[in-house]
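**Q** My file is target38.cif. It has mmCIF, C-alpha atoms:
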```cif
data_data
loop_
_atom_site.label_atom_id
_atom_site.label_comp_id
_atom_site.auth_asym_id
_atom_site.auth_seq_id
_atom_site.Cartn_x
_atom_site.Cartn_y
_atom_site.Cartn_z
CA MET A 1 -9.15 -12.52 -37.45
CA GLU A 2 -11.82 -13.01 -34.81
CA ASN A 3 -10.24 -14.91 -31.97
CA GLY A 4 -12.31 -14.37 -28.86
CA PHE A 5 -15.83 -14.01 -27.58
CA ASP A 6 -18.74 -16.23 -28.67
CA ALA A 7 -22.09 -17.40 -27.32
CA HIS A 8 -20.65 -20.42 -25.54
CA VAL A 9 -17.92 -18.44 -23.80
CA ALA A 10 -20.46 -15.82 -22.67
CA ASN A 11 -22.00 -18.39 -20.33
CA LEU A 12 -18.71 -19.24 -18.62
CA HIS A 13 -17.36 -17.58 -15.49
CA ILE A 14 -14.02 -15.88 -15.96
CA ALA A 15 -12.24 -18.48 -13.79
CA THR A 16 -13.37 -21.14 -16.25
CA ARG A 17 -12.42 -19.09 -19.30
CA LEU A 18 -8.90 -18.65 -17.94
CA VAL A 19 -8.41 -22.40 -17.87
CA HIS A 20 -10.25 -23.53 -21.00
CA VAL A 21 -10.77 -20.86 -23.70
CA GLY A 22 -8.31 -21.39 -26.55
CA GLN A 23 -6.96 -24.52 -24.87
CA ASP A 24 -9.13 -27.25 -26.50
CA PRO A 25 -7.03 -30.46 -26.79
CA LEU A 26 -8.86 -31.39 -30.00
CA GLN A 27 -6.91 -28.73 -31.93
CA TRP A 28 -3.70 -30.75 -31.51
CA THR A 29 -2.70 -34.03 -33.16
CA ASN A 30 -1.89 -35.65 -29.82
CA ARG A 31 -4.70 -33.88 -27.95
CA GLU A 32 -2.38 -32.15 -25.51
CA VAL A 33 -4.29 -30.72 -22.54
CA ILE A 34 -1.78 -27.85 -22.33
CA PRO A 35 -1.03 -26.03 -25.61
CA PRO A 36 2.42 -27.11 -26.82
CA ILE A 37 5.27 -24.72 -27.61
CA VAL A 38 5.23 -24.49 -31.40
CA CYS A 39 8.73 -23.28 -32.19
CA SER A 40 8.58 -23.64 -35.96
CA THR A 41 8.96 -20.34 -37.79
CA THR A 42 7.45 -21.67 -41.03
CA PHE A 43 4.68 -24.15 -41.86
CA GLN A 44 4.05 -26.57 -44.69
CA GLN A 45 1.17 -25.41 -46.86
CA PRO A 46 -1.45 -27.87 -48.20
CA SER A 47 -1.57 -25.93 -51.48
CA PRO A 48 0.20 -22.79 -52.75
CA GLY A 49 -1.03 -19.61 -51.10
CA LYS A 50 -3.61 -21.31 -48.86
CA PRO A 51 -1.86 -21.83 -45.50
CA SER A 52 -3.38 -22.36 -42.08
CA HIS A 53 -0.18 -20.64 -40.93
CA ASP A 54 2.63 -19.39 -43.12
CA TYR A 55 5.26 -17.55 -41.03
CA SER A 56 5.37 -17.32 -37.25
CA ARG A 57 5.47 -13.51 -37.13
CA GLY A 58 2.02 -13.40 -38.72
CA GLY A 59 0.57 -16.15 -36.57
CA ASN A 60 1.73 -18.94 -34.31
CA PRO A 61 -0.46 -21.75 -32.90
CA THR A 62 0.77 -21.20 -29.33
CA ARG A 63 0.19 -17.45 -29.60
CA ASN A 64 -3.24 -17.96 -31.15
CA CYS A 65 -4.34 -19.98 -28.09
CA LEU A 66 -3.24 -17.19 -25.79
CA GLU A 67 -4.88 -14.43 -27.85
CA LYS A 68 -8.20 -16.27 -27.96
CA CYS A 69 -8.16 -16.68 -24.19
CA LEU A 70 -7.23 -13.03 -23.63
CA ALA A 71 -10.06 -11.76 -25.80
CA SER A 72 -12.62 -13.76 -23.86
CA LEU A 73 -11.51 -12.32 -20.51
CA ASP A 74 -12.51 -8.78 -21.53
CA ASN A 75 -15.67 -9.86 -23.39
CA ALA A 76 -13.82 -8.89 -26.56
CA LYS A 77 -13.70 -10.20 -30.11
CA PHE A 78 -10.02 -9.56 -30.75
CA ALA A 79 -6.73 -9.79 -28.88
CA TYR A 80 -3.15 -9.33 -30.06
CA CYS A 81 0.09 -10.07 -28.21
CA PHE A 82 3.36 -8.15 -28.48
CA SER A 83 6.92 -8.47 -27.25
CA SER A 84 6.31 -5.96 -24.42
CA GLY A 85 3.72 -3.59 -23.04
CA LEU A 86 5.50 -0.66 -24.66
CA ALA A 87 5.50 -2.49 -28.00
CA ALA A 88 1.71 -2.76 -27.63
CA LEU A 89 1.43 0.94 -26.78
CA ASN A 90 3.69 1.89 -29.68
CA THR A 91 1.42 -0.10 -32.01
CA ILE A 92 -1.54 1.96 -30.82
CA THR A 93 0.31 5.16 -31.76
CA TYR A 94 0.49 3.80 -35.32
CA LEU A 95 -3.29 4.29 -35.47
CA LEU A 96 -2.51 8.03 -35.46
CA LEU A 97 -1.05 10.35 -38.09
CA SER A 98 1.39 13.21 -37.97
CA GLY A 99 -0.42 16.26 -36.61
CA ASP A 100 -2.76 14.23 -34.41
CA HIS A 101 -3.16 14.95 -30.71
CA ILE A 102 -3.24 12.70 -27.64
CA ILE A 103 -4.77 13.49 -24.26
CA CYS A 104 -3.00 11.48 -21.58
CA GLY A 105 -3.34 11.25 -17.83
CA GLN A 106 -0.68 13.33 -16.10
CA GLU A 107 0.37 10.41 -13.89
CA VAL A 108 1.34 7.40 -15.97
CA TYR A 109 4.03 4.75 -16.22
CA GLY A 110 7.40 6.35 -16.98
CA GLY A 111 7.80 4.39 -20.21
CA THR A 112 4.43 5.70 -21.45
CA LEU A 113 5.49 9.26 -20.70
CA ARG A 114 8.81 8.74 -22.48
CA LEU A 115 7.14 7.24 -25.56
CA PHE A 116 4.57 10.03 -25.90
CA THR A 117 6.92 12.93 -25.21
CA ARG A 118 10.06 11.77 -26.98
CA ALA A 119 9.19 9.10 -29.55
CA ALA A 120 5.67 9.99 -30.72
CA SER A 121 6.66 13.65 -30.89
CA LEU A 122 9.26 12.73 -33.52
CA MET A 123 6.33 11.48 -35.63
CA GLY A 124 4.60 14.86 -35.29
CA ILE A 125 2.12 13.64 -32.68
CA LYS A 126 1.52 16.02 -29.79
CA THR A 127 0.39 15.08 -26.28
CA SER A 128 -1.37 17.05 -23.55
CA PHE A 129 -1.09 15.69 -20.00
CA VAL A 130 -4.07 16.43 -17.78
CA ASP A 131 -5.54 15.48 -14.42
CA ILE A 132 -8.01 12.82 -15.56
CA ARG A 133 -9.74 12.51 -12.19
CA ASN A 134 -12.13 15.20 -13.43
CA VAL A 135 -13.64 14.66 -16.88
CA LYS A 136 -13.95 18.44 -17.25
CA ASN A 137 -10.16 18.62 -17.55
CA ILE A 138 -10.30 16.22 -20.49
CA LYS A 139 -13.06 18.22 -22.15
CA ALA A 140 -11.05 21.42 -21.77
CA ALA A 141 -8.01 19.76 -23.39
CA LEU A 142 -9.89 18.52 -26.48
CA LYS A 143 -8.73 19.87 -29.83
CA PRO A 144 -10.04 19.31 -33.35
CA GLU A 145 -6.98 17.10 -33.95
CA THR A 146 -7.45 15.00 -30.78
CA LYS A 147 -7.56 11.36 -31.86
CA LEU A 148 -6.65 9.39 -28.71
CA ILE A 149 -7.39 9.62 -24.99
CA TRP A 150 -5.03 7.43 -22.97
CA ILE A 151 -5.73 6.66 -19.32
CA GLU A 152 -4.31 4.49 -16.57
CA THR A 153 -6.79 3.73 -13.83
CA PRO A 154 -5.59 3.29 -11.15
CA SER A 155 -2.64 5.48 -12.00
CA ASN A 156 0.98 4.68 -11.30
CA PRO A 157 2.18 5.26 -8.57
CA THR A 158 -0.41 7.13 -6.46
CA LEU A 159 -3.43 5.07 -7.64
CA GLN A 160 -5.72 7.85 -8.78
CA LEU A 161 -8.87 6.74 -10.62
CA ALA A 162 -10.48 7.91 -13.86
CA ASP A 163 -14.19 7.49 -14.60
CA ILE A 164 -14.07 5.36 -17.76
CA ARG A 165 -17.82 5.58 -18.44
CA ALA A 166 -17.87 9.36 -18.08
CA ILE A 167 -14.92 9.76 -20.46
CA ALA A 168 -16.55 7.42 -22.98
CA ASP A 169 -19.77 9.47 -22.75
CA LEU A 170 -17.79 12.65 -23.37
CA ILE A 171 -16.35 11.15 -26.54
CA GLU A 172 -19.82 10.15 -27.72
CA GLN A 173 -21.07 13.68 -27.13
CA GLU A 174 -18.37 14.95 -29.46
CA LYS A 175 -19.99 12.99 -32.35
CA ARG A 176 -16.77 12.92 -34.35
CA ASP A 177 -16.23 10.70 -37.36
CA PRO A 178 -13.95 8.91 -36.89
CA LYS A 179 -14.53 9.00 -33.15
CA ILE A 180 -11.78 9.69 -30.67
CA ILE A 181 -10.19 6.43 -29.47
CA LEU A 182 -10.42 5.76 -25.74
CA ALA A 183 -7.64 3.40 -24.64
CA VAL A 184 -7.15 2.13 -21.09
CA ASP A 185 -4.02 0.64 -19.53
CA ASN A 186 -5.65 -2.02 -17.33
CA THR A 187 -2.40 -3.56 -16.07
CA PHE A 188 -3.00 -2.79 -12.38
CA MET A 189 -6.50 -4.28 -12.36
CA THR A 190 -6.60 -7.07 -14.96
CA PRO A 191 -9.96 -8.20 -16.39
CA ILE A 192 -10.62 -9.94 -13.07
CA LEU A 193 -11.23 -6.59 -11.35
CA GLN A 194 -12.09 -4.16 -14.20
CA LYS A 195 -13.44 -4.51 -17.74
CA PRO A 196 -12.91 -1.19 -19.56
CA LEU A 197 -14.54 -2.34 -22.83
CA ASP A 198 -17.79 -2.92 -20.94
CA LEU A 199 -17.54 0.67 -19.68
CA GLY A 200 -17.15 2.18 -23.15
CA ALA A 201 -13.42 1.97 -23.90
CA ASP A 202 -12.28 1.10 -27.42
CA LEU A 203 -8.94 -0.51 -26.60
CA VAL A 204 -7.46 -2.11 -23.52
CA MET A 205 -3.71 -2.57 -23.12
CA TYR A 206 -1.93 -4.90 -20.73
CA SER A 207 1.64 -5.29 -19.71
CA MET A 208 1.39 -9.08 -19.60
CA THR A 209 4.73 -8.99 -17.79
CA LYS A 210 2.85 -8.05 -14.62
CA TYR A 211 -0.25 -9.68 -13.09
CA MET A 212 -1.46 -11.46 -16.20
CA ASN A 213 1.59 -13.72 -16.24
CA GLY A 214 2.28 -13.22 -12.57
CA HIS A 215 5.63 -14.98 -12.23
CA SER A 216 8.18 -12.29 -13.23
CA ASP A 217 9.66 -14.47 -15.95
CA LEU A 218 8.48 -13.03 -19.25
CA LEU A 219 8.19 -9.72 -21.10
CA MET A 220 4.98 -9.27 -23.09
CA GLY A 221 2.14 -6.87 -23.91
CA ALA A 222 -1.37 -7.25 -25.29
CA ILE A 223 -4.19 -5.23 -26.84
CA VAL A 224 -7.85 -6.26 -26.79
CA ALA A 225 -10.62 -4.66 -28.84
CA ASN A 226 -14.14 -5.09 -30.19
CA ASN A 227 -14.06 -2.67 -33.13
CA GLU A 228 -13.28 -4.73 -36.24
CA GLU A 229 -11.78 -1.91 -38.31
CA MET A 230 -9.47 -0.92 -35.46
CA ALA A 231 -8.58 -4.55 -34.82
CA GLN A 232 -7.63 -5.13 -38.46
CA LYS A 233 -5.22 -2.21 -38.31
CA ILE A 234 -3.66 -3.51 -35.09
CA SER A 235 -3.32 -6.97 -36.65
CA PHE A 236 -1.59 -5.43 -39.67
CA PHE A 237 0.84 -3.49 -37.49
CA GLN A 238 1.49 -6.54 -35.33
CA MET A 239 2.68 -8.41 -38.39
CA SER A 240 4.39 -5.56 -40.24
CA LEU A 241 6.20 -4.02 -37.26
CA GLY A 242 7.21 -7.45 -36.04
CA ALA A 243 7.24 -6.84 -32.27
CA VAL A 244 5.75 -10.25 -31.47
CA PRO A 245 6.43 -12.55 -28.52
CA SER A 246 8.11 -15.94 -28.82
CA ALA A 247 6.15 -19.18 -28.66
CA PHE A 248 7.85 -19.97 -25.35
CA ASP A 249 6.73 -16.65 -23.83
CA CYS A 250 3.17 -17.33 -25.03
CA PHE A 251 3.36 -20.75 -23.37
CA LEU A 252 4.44 -19.11 -20.11
CA ALA A 253 1.64 -16.53 -20.32
CA ASN A 254 -0.92 -19.26 -21.00
CA ARG A 255 0.35 -21.05 -17.90
CA GLY A 256 0.22 -17.92 -15.76
CA LEU A 257 -3.30 -16.97 -16.78
CA LYS A 258 -4.77 -20.18 -15.42
CA THR A 259 -4.25 -19.00 -11.85
CA LEU A 260 -4.95 -15.29 -12.41
CA HIS A 261 -8.30 -15.28 -10.60
CA LEU A 262 -6.81 -17.05 -7.57
CA ARG A 263 -3.78 -14.76 -7.46
CA MET A 264 -5.80 -11.56 -7.81
CA GLU A 265 -8.04 -12.60 -4.92
CA ARG A 266 -4.96 -12.98 -2.71
CA HIS A 267 -3.20 -9.86 -4.03
CA GLN A 268 -6.15 -7.55 -3.36
CA GLU A 269 -7.12 -9.10 -0.02
CA SER A 270 -3.58 -8.80 1.34
CA ALA A 271 -3.00 -5.34 -0.14
CA LEU A 272 -6.05 -3.95 1.64
CA LYS A 273 -4.85 -5.38 4.96
CA VAL A 274 -1.38 -3.93 4.41
CA ALA A 275 -2.91 -0.56 3.46
CA GLN A 276 -5.01 -0.53 6.63
CA PHE A 277 -1.92 -1.39 8.70
CA LEU A 278 0.07 1.43 7.10
CA GLU A 279 -2.77 3.93 7.47
CA ALA A 280 -2.68 3.42 11.23
CA HIS A 281 1.11 3.55 11.51
CA PRO A 282 2.67 6.62 13.19
CA LYS A 283 5.57 6.73 10.68
CA VAL A 284 3.25 7.00 7.67
CA VAL A 285 1.87 10.32 6.43
CA LYS A 286 -0.62 9.00 3.85
CA VAL A 287 -1.57 5.76 2.13
CA HIS A 288 -2.71 5.59 -1.51
CA HIS A 289 -4.97 2.61 -2.15
CA PRO A 290 -8.43 2.69 -3.80
CA GLY A 291 -9.79 0.07 -1.41
CA LEU A 292 -9.45 2.39 1.57
CA LYS A 293 -12.50 4.42 2.51
CA SER A 294 -10.15 7.38 2.90
CA HIS A 295 -9.32 7.27 -0.81
CA PRO A 296 -10.98 10.36 -2.39
CA GLN A 297 -12.43 8.21 -5.20
CA PHE A 298 -13.50 5.24 -3.09
CA GLU A 299 -17.10 5.38 -4.38
CA LEU A 300 -15.97 5.49 -8.03
CA GLY A 301 -13.82 2.44 -7.37
CA LYS A 302 -16.80 0.53 -5.95
CA ARG A 303 -18.92 1.49 -8.96
CA GLN A 304 -16.35 0.79 -11.67
CA THR A 305 -14.43 -2.22 -10.39
CA SER A 306 -14.95 -5.49 -8.56
CA GLY A 307 -11.85 -5.12 -6.41
CA SER A 308 -8.99 -2.86 -5.46
CA THR A 309 -5.70 -4.27 -6.89
CA GLY A 310 -2.58 -5.51 -5.13
CA MET A 311 -0.75 -2.21 -5.59
CA LEU A 312 -0.41 0.58 -3.06
CA SER A 313 1.91 3.43 -2.19
CA PHE A 314 2.52 5.46 0.95
CA ASP A 315 4.34 8.57 2.09
CA LEU A 316 6.90 7.85 4.78
CA LYS A 317 7.55 10.44 7.48
CA GLY A 318 11.13 11.62 7.16
CA SER A 319 13.64 12.09 4.39
CA GLY A 320 14.64 10.37 1.17
CA ASP A 321 17.60 8.82 2.98
CA GLN A 322 15.24 7.36 5.57
CA ALA A 323 13.01 5.96 2.81
CA SER A 324 16.06 4.29 1.26
CA GLU A 325 17.07 2.88 4.66
CA PHE A 326 13.54 1.54 5.13
CA LEU A 327 13.67 -0.32 1.82
CA LYS A 328 17.13 -1.72 2.46
CA SER A 329 15.89 -3.08 5.80
CA LEU A 330 13.09 -5.17 4.27
CA LYS A 331 13.67 -8.91 4.30
CA ILE A 332 10.67 -10.43 2.49
CA PHE A 333 9.91 -7.55 0.14
CA SER A 334 12.48 -7.37 -2.65
CA LEU A 335 13.86 -3.95 -3.58
CA ALA A 336 13.02 -4.11 -7.28
CA GLU A 337 11.11 -2.45 -10.08
CA SER A 338 8.10 -3.99 -11.86
CA LEU A 339 5.05 -5.43 -10.14
CA GLY A 340 2.32 -8.03 -10.21
CA GLY A 341 4.34 -11.16 -9.46
CA VAL A 342 3.79 -13.74 -6.76
CA GLU A 343 6.63 -12.13 -4.78
CA SER A 344 6.22 -8.82 -2.95
CA LEU A 345 8.27 -5.87 -4.24
CA ALA A 346 9.07 -2.41 -2.92
CA GLU A 347 10.57 0.64 -4.62
CA ILE A 348 10.95 4.41 -4.53
CA PRO A 349 9.36 5.65 -7.79
CA SER A 350 11.14 9.02 -7.79
CA ILE A 351 14.55 7.39 -8.24
CA MET A 352 13.47 4.16 -9.91
CA THR A 353 10.41 3.64 -12.16
CA HIS A 354 9.59 7.35 -12.51
CA ALA A 355 13.09 8.82 -12.47
CA SER A 356 12.71 9.97 -16.10
CA ILE A 357 9.99 12.47 -15.07
CA PRO A 358 11.46 15.95 -14.43
CA LEU A 359 11.73 16.81 -10.73
CA GLU A 360 9.26 19.70 -10.88
CA GLU A 361 6.62 17.49 -12.52
CA ARG A 362 7.23 14.66 -10.05
CA LEU A 363 6.67 16.96 -7.11
CA LYS A 364 3.43 18.27 -8.60
CA LEU A 365 2.20 14.69 -8.81
CA GLY A 366 3.25 13.90 -5.25
CA ILE A 367 6.04 11.57 -6.37
CA THR A 368 8.51 12.61 -3.69
CA ASP A 369 11.63 10.84 -2.46
CA THR A 370 9.61 9.55 0.50
CA LEU A 371 6.85 7.97 -1.59
CA ILE A 372 7.22 4.19 -1.48
CA ARG A 373 5.35 1.85 -3.83
CA LEU A 374 4.53 -1.73 -2.84
CA SER A 375 3.45 -4.62 -5.01
CA ILE A 376 1.84 -7.10 -2.63
CA GLY A 377 2.52 -10.72 -3.54
CA VAL A 378 0.87 -13.94 -2.42
CA GLU A 379 2.90 -14.53 0.75
CA HIS A 380 1.04 -14.70 4.05
CA VAL A 381 -0.07 -11.18 4.86
CA ASP A 382 0.98 -11.44 8.52
CA ASP A 383 4.56 -12.06 7.41
CA LEU A 384 4.44 -9.05 5.09
CA ILE A 385 3.14 -6.78 7.83
CA ALA A 386 5.77 -8.06 10.24
CA ASP A 387 8.46 -7.34 7.64
CA LEU A 388 7.22 -3.77 7.21
CA GLU A 389 7.09 -3.26 10.97
CA GLN A 390 10.66 -4.42 11.54
CA ALA A 391 11.82 -2.11 8.74
CA PHE A 392 9.99 0.84 10.35
CA LYS A 393 11.91 0.15 13.55
CA LYS A 394 15.20 0.47 11.66
CA VAL A 395 14.31 4.01 10.54
CA ALA A 396 15.33 6.62 13.09
#
```
Could the structure of this file be written out as structure tokens, please?
**A**
Amino acid sequence: MENGFDAHVANLHIATRLVHVGQDPLQWTNREVIPPIVCSTTFQQPSPGKPSHDYSRGGNPTRNCLEKCLASLDNAKFAYCFSSGLAALNTITYLLLSGDHIICGQEVYGGTLRLFTRAASLMGIKTSFVDIRNVKNIKAALKPETKLIWIETPSNPTLQLADIRAIADLIEQEKRDPKIILAVDNTFMTPILQKPLDLGADLVMYSMTKYMNGHSDLLMGAIVANNEEMAQKISFFQMSLGAVPSAFDCFLANRGLKTLHLRMERHQESALKVAQFLEAHPKVVKVHHPGLKSHPQFELGKRQTSGSTGMLSFDLKGSGDQASEFLKSLKIFSLAESLGGVESLAEIPSIMTHASIPLEERLKLGITDTLIRLSIGVEHVDDLIADLEQAFKKVA
């Protein structure tokens, strides 16, 4: 089912698409300006076997509005929503067969690592984890059975970048049939700041739980694509695996998307100011943020994106106990996992979001007990900096 991009939408700025695509009041009997929550699980059919909708798992009017809007944001033809980001990722693994091989960035979300190493491996799918900052590492890891390259850019939690265009070009040079799938987790950037499909990716995945919804009150994932054959398979798995979001969650996501462009402007502007403050602080060893000129891939970021995300991490001088004391001393930042909401969050990845990664591997990636990750919300940046400063003073 094509549910996204068309000639009319192509002429609209993304801020306008967020508010209007898929939201036309004329599609509803009462011409509601905001898509209603269609809770019905089944629908009356005008004649046997010819429904507009039949069963809510296979399609729901509220979800359809959201999926059409999502597709337009990435200049895509297709979008599909799932009950979580990991449900979306798991659906992508169903495009593979036993014996197939995945190349994955060595620094990824802990749930992604767990799925590839422990769940996909039970299906006979093997994964190689490589440093994707250099495309040569990906080329060296290619095997005849490689069917998927999975990247996060920026990575989680040290915000390393991968050159999407260069990786897509590498896949084209391979001239395989069927071609290797290039999938990008674009959760940290959103389509406001980065459009992987335009850079040669085949699939883009979002944890809608994060920036796309932006209010920390729903769990959802999404996949967007342009390839029709691939999209048909994803649509089939969406229906047959059944990991779909509720109509209410789709309503919330629709609501959240309308302010995405405004929120991302504030997130990235404030995050850069916080990163600059931290970089100059005597109790900070190093700051990881692609908007800083000190970031080793600063030029790639300027070339590939239109902004630098609201996420950052930094290495605190001292011990793990001191890092814990720092976080417990924060007053505005909440000590919590997840990211991308209007509220600012802080965490220690080594004992929270990335605790499932073996210690030796964490240390290789620089995920130490003194690495602190911040998700910068929409509060006034001066208040956030003041909160960080008072917490620094509490650390001996």
**Q** Excluding Ile103 in chain A and its own-chain neighbours fewer than 3 positions away, which residues fall within 9 Å of it when counting only C-alpha atoms? Please give them as an mmCIF file with C-alpha atoms, in the coordinates of the input.
**A**
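Listing of out_10.cif after writing:
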```
data_model
loop_
_atom_site.group_PDB
_atom_site.id
_atom_site.type_symbol
_atom_site.label_atom_id
_atom_site.label_comp_id
_atom_site.auth_asym_id
_atom_site.auth_seq_id
_atom_site.Cartn_x
_atom_site.Cartn_y
_atom_site.Cartn_z
ATOM 1 C CA LYS A 126 1.520 16.020 -29.790
ATOM 2 C CA THR A 127 0.390 15.080 -26.280
ATOM 3 C CA SER A 128 -1.370 17.050 -23.550
ATOM 4 C CA PHE A 129 -1.090 15.690 -20.000
ATOM 5 C CA VAL A 130 -4.070 16.430 -17.780
ATOM 6 C CA ILE A 138 -10.300 16.220 -20.490
ATOM 7 C CA ALA A 141 -8.010 19.760 -23.390
ATOM 8 C CA LEU A 142 -9.890 18.520 -26.480
ATOM 9 C CA THR A 146 -7.450 15.000 -30.780
ATOM 10 C CA LYS A 147 -7.560 11.360 -31.860
ATOM 11 C CA LEU A 148 -6.650 9.390 -28.710
ATOM 12 C CA ILE A 149 -7.390 9.620 -24.990
ATOM 13 C CA TRP A 150 -5.030 7.430 -22.970
ATOM 14 C CA ILE A 151 -5.730 6.660 -19.320
#
```
**Q** Using all atoms listed in the file, which residue out of A:Asn156, A:Phe314, A:Pro144, A:Phe333 lies closest to Lys175 in chain A?
**A**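 For Lys175 in chain A, the nearest of the given residues is A:Pro144.
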**Q** Got a sec to resolve the PyMOL selection byres ((chain A and resi 79) around 10) on this structure and send the residues as a ChimeraX atom specification?
**A** /A:1-4,64,66-74,76-78,80-81,203-205,222-226,231,234-235
**Q** If the PyMOL selection byres ((chain A and resi 283-289) around 8) were run on this exact file, what residues would it hold? Put them as a PyMOL selection string.
**A** chain A and resi 158-159+272+275+278-282+290-292+295+308+311-317+392
**Q** What would the selection look like, as a list in words, if the PyMOL selection byres ((chain A and resi 259) around 10) were run on the coordinates I just shared?
**A**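 Selection result, ordered by chain and number: Ala15, Leu18, Val19, Met212, Asn213, Gly214, Asn254, Arg255, Gly256, Leu257, Lys258, Leu260, His261, Leu262, Arg263 and Met264 of chain A.
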**Q** Using all atoms listed in the file, which of A:Ala396, A:Val342, A:Ala271, A:Ile192 sits nearest Val378 in chain A?
**A** A:Val342
**Q** With the input short on atoms, add N, CA, C and O atoms back to range 186-197 of chain A and write it as a short mmCIF file (atom, residue, chain, number, x, y, z; two decimals), in the coordinates of the input.
**A**
```cif
data_model
loop_
_atom_site.label_atom_id
_atom_site.label_comp_id
_atom_site.auth_asym_id
_atom_site.auth_seq_id
_atom_site.Cartn_x
_atom_site.Cartn_y
_atom_site.Cartn_z
N ASN A 186 -4.95 -1.30 -18.39
CA ASN A 186 -5.65 -2.02 -17.33
C ASN A 186 -4.71 -2.95 -16.57
O ASN A 186 -5.15 -3.90 -15.91
N THR A 187 -3.41 -2.67 -16.65
CA THR A 187 -2.40 -3.56 -16.07
C THR A 187 -2.59 -3.76 -14.57
O THR A 187 -2.47 -4.88 -14.08
N PHE A 188 -2.88 -2.69 -13.83
CA PHE A 188 -3.00 -2.79 -12.38
C PHE A 188 -4.21 -3.61 -11.94
O PHE A 188 -4.22 -4.17 -10.84
N MET A 189 -5.25 -3.67 -12.78
CA MET A 189 -6.50 -4.28 -12.36
C MET A 189 -6.73 -5.67 -12.96
O MET A 189 -7.30 -6.54 -12.30
N THR A 190 -6.31 -5.86 -14.19
CA THR A 190 -6.60 -7.07 -14.96
C THR A 190 -8.09 -7.19 -15.20
O THR A 190 -8.90 -6.54 -14.52
N PRO A 191 -8.52 -8.04 -16.15
CA PRO A 191 -9.96 -8.20 -16.39
C PRO A 191 -10.69 -8.86 -15.23
O PRO A 191 -11.93 -8.88 -15.22
N ILE A 192 -9.97 -9.38 -14.26
CA ILE A 192 -10.62 -9.94 -13.07
C ILE A 192 -11.33 -8.84 -12.29
O ILE A 192 -12.44 -9.03 -11.77
N LEU A 193 -10.73 -7.67 -12.21
CA LEU A 193 -11.23 -6.59 -11.35
C LEU A 193 -11.85 -5.43 -12.12
O LEU A 193 -12.58 -4.63 -11.53
N GLN A 194 -11.57 -5.30 -13.42
CA GLN A 194 -12.09 -4.16 -14.20
C GLN A 194 -12.14 -4.52 -15.67
O GLN A 194 -11.18 -5.08 -16.20
N LYS A 195 -13.26 -4.21 -16.31
CA LYS A 195 -13.44 -4.51 -17.74
C LYS A 195 -13.75 -3.20 -18.48
O LYS A 195 -14.90 -2.84 -18.68
N PRO A 196 -12.70 -2.50 -18.93
CA PRO A 196 -12.91 -1.19 -19.56
C PRO A 196 -13.77 -1.22 -20.82
O PRO A 196 -14.49 -0.25 -21.09
N LEU A 197 -13.71 -2.29 -21.62
CA LEU A 197 -14.54 -2.34 -22.83
C LEU A 197 -16.01 -2.29 -22.47
O LEU A 197 -16.82 -1.67 -23.18
#
```
